[in-house]
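The structure appears right after this line, and notes come after that.
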Amino acid sequence: MARCPFEAPAEQFQYHSTTKDRRLVADPTASGLWARFYDLKDNSVVLATRDSRRVARYEDIPRERRTGYEWYGSWPERLLSKEYPQWKASHPATP
C-alpha cells in the first residue's frame, strides 16, 4: 500500500486548509507502510474521526482528518533497517 495525494477542491478547516486529499492505493513497489495506531487485541489498524468515533476504512475518515493527520507512514523503516541491526550487533546473545 501507498498513500496517494490527489488534487481536490480547496477547503478551509479549523486547523488547516488544503487543495489535496489522500487515498490508499495498492502498490507492490512501495516500501513499508505502517499505521500510527493498532488495536492490541487483534492488531487491526485504529482509525477514528475527530470526535473519537472509530471507523473501519481510511476513506471513512473525514477529509479534514485524512489531510491534517498522518495516519500512515514509514516511521519504523530506519529503526528496522539500521538502528535495530546496529543494536543487535552490539548486544550479542548470551547463553
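Ligands are numbered from 1 in the order shown, residues from 1 within each chain, and chains are lettered A, B, ... in the order they appear in the C-alpha cells.
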- Message: List as a list of chain:residue names the protein and nucleic acid residues near stretch 13-18 of chain A, meaning an atom at most 9 Å away when only C-alpha atoms are counted, but skip any in the same chain fewer than 4 places from it.
- Response: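 My reading of the contact set: A:Ala8, A:Pro9, A:Glu64, A:Thr67, A:Gly68.
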Take the residues that were just selected and, keeping N, CA, C and O atoms, output them as a PDB file, in the first residue's frame.
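What landed in part-v6.pdb:
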```pdb
ATOM      1  N   ALA A   8      -7.899  18.176  -5.099  1.00  0.00           N
ATOM      2  CA  ALA A   8      -9.290  18.227  -4.649  1.00  0.00           C
ATOM      3  C   ALA A   8      -9.663  19.698  -4.498  1.00  0.00           C
ATOM      4  O   ALA A   8      -8.784  20.559  -4.426  1.00  0.00           O
ATOM      5  N   PRO A   9     -10.943  19.997  -4.456  1.00  0.00           N
ATOM      6  CA  PRO A   9     -11.340  21.401  -4.278  1.00  0.00           C
ATOM      7  C   PRO A   9     -10.737  21.985  -2.997  1.00  0.00           C
ATOM      8  O   PRO A   9     -10.626  21.288  -1.990  1.00  0.00           O
ATOM      9  N   GLU A  64     -10.894  16.333   6.446  1.00  0.00           N
ATOM     10  CA  GLU A  64     -10.150  17.183   7.382  1.00  0.00           C
ATOM     11  C   GLU A  64      -9.129  16.359   8.158  1.00  0.00           C
ATOM     12  O   GLU A  64      -8.002  16.796   8.360  1.00  0.00           O
ATOM     13  N   THR A  67      -6.247  14.682   5.680  1.00  0.00           N
ATOM     14  CA  THR A  67      -5.208  15.590   5.196  1.00  0.00           C
ATOM     15  C   THR A  67      -4.487  16.339   6.308  1.00  0.00           C
ATOM     16  O   THR A  67      -3.428  16.905   6.077  1.00  0.00           O
ATOM     17  N   GLY A  68      -5.018  16.330   7.507  1.00  0.00           N
ATOM     18  CA  GLY A  68      -4.400  17.073   8.599  1.00  0.00           C
ATOM     19  C   GLY A  68      -3.696  16.204   9.617  1.00  0.00           C
ATOM     20  O   GLY A  68      -3.224  16.703  10.630  1.00  0.00           O
TER      21      GLY A  68
END
```
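Scanning chain A with DSSP on the backbone, the alpha helix (DSSP H) assignments fall on A:Arg63, A:Glu64, A:Arg65, A:Arg66, A:Thr67, A:Gly68, A:Pro76, A:Glu77, A:Arg78, A:Tyr84, A:Pro85, A:Gln86, A:Trp87, A:Lys88, A:Ala89, A:Ser90.
Closest approach to A:Phe37 among A:Arg53, A:Glu70, A:Glu77, A:Cys4 is made by A:Glu70 (distances from only C-alpha atoms).
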- Query: Taking the backbone alone, and naming residues the way the document does, which bits of chain A are strand (DSSP E or B) by DSSP, as number ranges by chain?
  - Reply: A: 2-12, 17-25, 34-35, 38, 45, 47-48, 54-55, 72-73
Could you dump the residues just selected with N, CA and C atoms as an mmCIF file, in the first residue's frame?
```cif
data_model
loop_
_atom_site.group_PDB
_atom_site.id
_atom_site.type_symbol
_atom_site.label_atom_id
_atom_site.label_comp_id
_atom_site.auth_asym_id
_atom_site.auth_seq_id
_atom_site.Cartn_x
_atom_site.Cartn_y
_atom_site.Cartn_z
ATOM 1 N N ALA A 2 0.315 2.285 -0.546
ATOM 2 C CA ALA A 2 0.991 3.575 -0.548
ATOM 3 C C ALA A 2 -0.055 4.667 -0.345
ATOM 4 N N ARG A 3 0.336 5.753 0.294
ATOM 5 C CA ARG A 3 -0.533 6.922 0.407
ATOM 6 C C ARG A 3 -0.416 7.685 -0.887
ATOM 7 N N CYS A 4 -1.524 8.098 -1.424
ATOM 8 C CA CYS A 4 -1.512 8.780 -2.708
ATOM 9 C C CYS A 4 -2.291 10.086 -2.599
ATOM 10 N N PRO A 5 -1.595 11.241 -2.595
ATOM 11 C CA PRO A 5 -2.323 12.509 -2.579
ATOM 12 C C PRO A 5 -2.873 12.804 -3.977
ATOM 13 N N PHE A 6 -3.994 13.508 -4.035
ATOM 14 C CA PHE A 6 -4.555 13.910 -5.316
ATOM 15 C C PHE A 6 -5.223 15.271 -5.166
ATOM 16 N N GLU A 7 -5.366 15.964 -6.275
ATOM 17 C CA GLU A 7 -5.979 17.300 -6.264
ATOM 18 C C GLU A 7 -7.444 17.195 -5.866
ATOM 19 N N ALA A 8 -7.899 18.176 -5.099
ATOM 20 C CA ALA A 8 -9.290 18.227 -4.649
ATOM 21 C C ALA A 8 -9.663 19.698 -4.498
ATOM 22 N N PRO A 9 -10.943 19.997 -4.456
ATOM 23 C CA PRO A 9 -11.340 21.401 -4.278
ATOM 24 C C PRO A 9 -10.737 21.985 -2.997
ATOM 25 N N ALA A 10 -10.340 23.242 -3.064
ATOM 26 C CA ALA A 10 -9.778 23.910 -1.889
ATOM 27 C C ALA A 10 -10.812 23.914 -0.767
ATOM 28 N N GLU A 11 -10.326 23.684 0.437
ATOM 29 C CA GLU A 11 -11.222 23.681 1.582
ATOM 30 C C GLU A 11 -10.473 24.192 2.807
ATOM 31 N N GLN A 12 -11.145 25.010 3.594
ATOM 32 C CA GLN A 12 -10.592 25.559 4.828
ATOM 33 C C GLN A 12 -11.229 24.832 6.005
ATOM 34 N N SER A 17 -5.861 24.266 5.934
ATOM 35 C CA SER A 17 -6.567 24.316 4.650
ATOM 36 C C SER A 17 -5.821 23.395 3.691
ATOM 37 N N THR A 18 -6.512 22.956 2.650
ATOM 38 C CA THR A 18 -5.870 22.044 1.707
ATOM 39 C C THR A 18 -6.511 22.113 0.328
ATOM 40 N N THR A 19 -5.715 21.806 -0.667
ATOM 41 C CA THR A 19 -6.215 21.630 -2.033
ATOM 42 C C THR A 19 -5.976 20.189 -2.475
ATOM 43 N N LYS A 20 -5.699 19.328 -1.504
ATOM 44 C CA LYS A 20 -5.416 17.921 -1.775
ATOM 45 C C LYS A 20 -6.348 17.038 -0.940
ATOM 46 N N ASP A 21 -6.376 15.785 -1.302
ATOM 47 C CA ASP A 21 -6.997 14.746 -0.496
ATOM 48 C C ASP A 21 -6.049 13.562 -0.560
ATOM 49 N N ARG A 22 -6.296 12.520 0.199
ATOM 50 C CA ARG A 22 -5.418 11.347 0.219
ATOM 51 C C ARG A 22 -6.248 10.079 0.102
ATOM 52 N N ARG A 23 -5.625 9.085 -0.486
ATOM 53 C CA ARG A 23 -6.225 7.751 -0.529
ATOM 54 C C ARG A 23 -5.110 6.732 -0.414
ATOM 55 N N LEU A 24 -5.470 5.525 -0.045
ATOM 56 C CA LEU A 24 -4.520 4.415 -0.022
ATOM 57 C C LEU A 24 -4.710 3.627 -1.310
ATOM 58 N N VAL A 25 -3.601 3.294 -1.958
ATOM 59 C CA VAL A 25 -3.662 2.508 -3.187
ATOM 60 C C VAL A 25 -2.707 1.325 -3.078
ATOM 61 N N TRP A 34 3.227 1.744 7.697
ATOM 62 C CA TRP A 34 2.691 1.347 8.986
ATOM 63 C C TRP A 34 1.633 2.341 9.429
ATOM 64 N N ALA A 35 0.643 1.837 10.112
ATOM 65 C CA ALA A 35 -0.368 2.710 10.694
ATOM 66 C C ALA A 35 0.185 3.330 11.971
ATOM 67 N N TYR A 38 -2.516 0.799 16.389
ATOM 68 C CA TYR A 38 -3.015 -0.569 16.208
ATOM 69 C C TYR A 38 -3.773 -0.990 17.458
ATOM 70 N N VAL A 45 -5.777 -1.999 12.414
ATOM 71 C CA VAL A 45 -5.469 -0.566 12.379
ATOM 72 C C VAL A 45 -6.600 0.201 13.053
ATOM 73 N N LEU A 47 -8.444 3.633 13.234
ATOM 74 C CA LEU A 47 -8.709 4.895 12.533
ATOM 75 C C LEU A 47 -9.913 5.532 13.210
ATOM 76 N N ALA A 48 -9.931 6.853 13.303
ATOM 77 C CA ALA A 48 -11.028 7.496 14.023
ATOM 78 C C ALA A 48 -11.305 8.886 13.483
ATOM 79 N N ARG A 54 -14.584 5.398 16.031
ATOM 80 C CA ARG A 54 -13.706 4.515 15.265
ATOM 81 C C ARG A 54 -14.379 4.150 13.944
ATOM 82 N N VAL A 55 -13.593 4.196 12.860
ATOM 83 C CA VAL A 55 -14.086 3.819 11.534
ATOM 84 C C VAL A 55 -13.237 2.675 11.000
ATOM 85 N N TYR A 72 -0.811 7.065 8.400
ATOM 86 C CA TYR A 72 0.123 6.042 7.912
ATOM 87 C C TYR A 72 1.456 6.701 7.605
ATOM 88 N N GLY A 73 2.525 5.937 7.741
ATOM 89 C CA GLY A 73 3.840 6.472 7.423
ATOM 90 C C GLY A 73 4.888 5.372 7.417
#
```
- atom CA of A:Lys82 and atom CA of A:Arg36 are how many Å apart?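 Going from atom CA of A:Lys82 over to atom CA of A:Arg36, I get 20.3 Å.
Of the listed residues (A:Thr29, A:Thr49, A:Asn43, A:Thr94), A:Thr49 comes nearest to A:Trp71; the distances count only C-alpha atoms.
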- So what do you get for atom CA of A:His91 versus atom CA of A:Ser31, distance-wise?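 Taking atom CA of A:His91 and atom CA of A:Ser31, their separation equals 27.7 Å.
The smallest atom-to-atom distance between A:Trp75 and any of A:Ala93, A:Leu40, A:Leu33, A:Ala56, using only C-alpha atoms, is found for A:Leu33.
Separating atom CA of A:Ala26 from atom CA of A:Arg78 is a distance of 22.4 Å.
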- Message: Using only C-alpha atoms, can you tell me which of A:Ser74, A:Ser90, A:Ser44, A:Ser81 comes closest to A:Arg57?
- Response: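 Ranked by minimum distance to A:Arg57, first place goes to A:Ser44.
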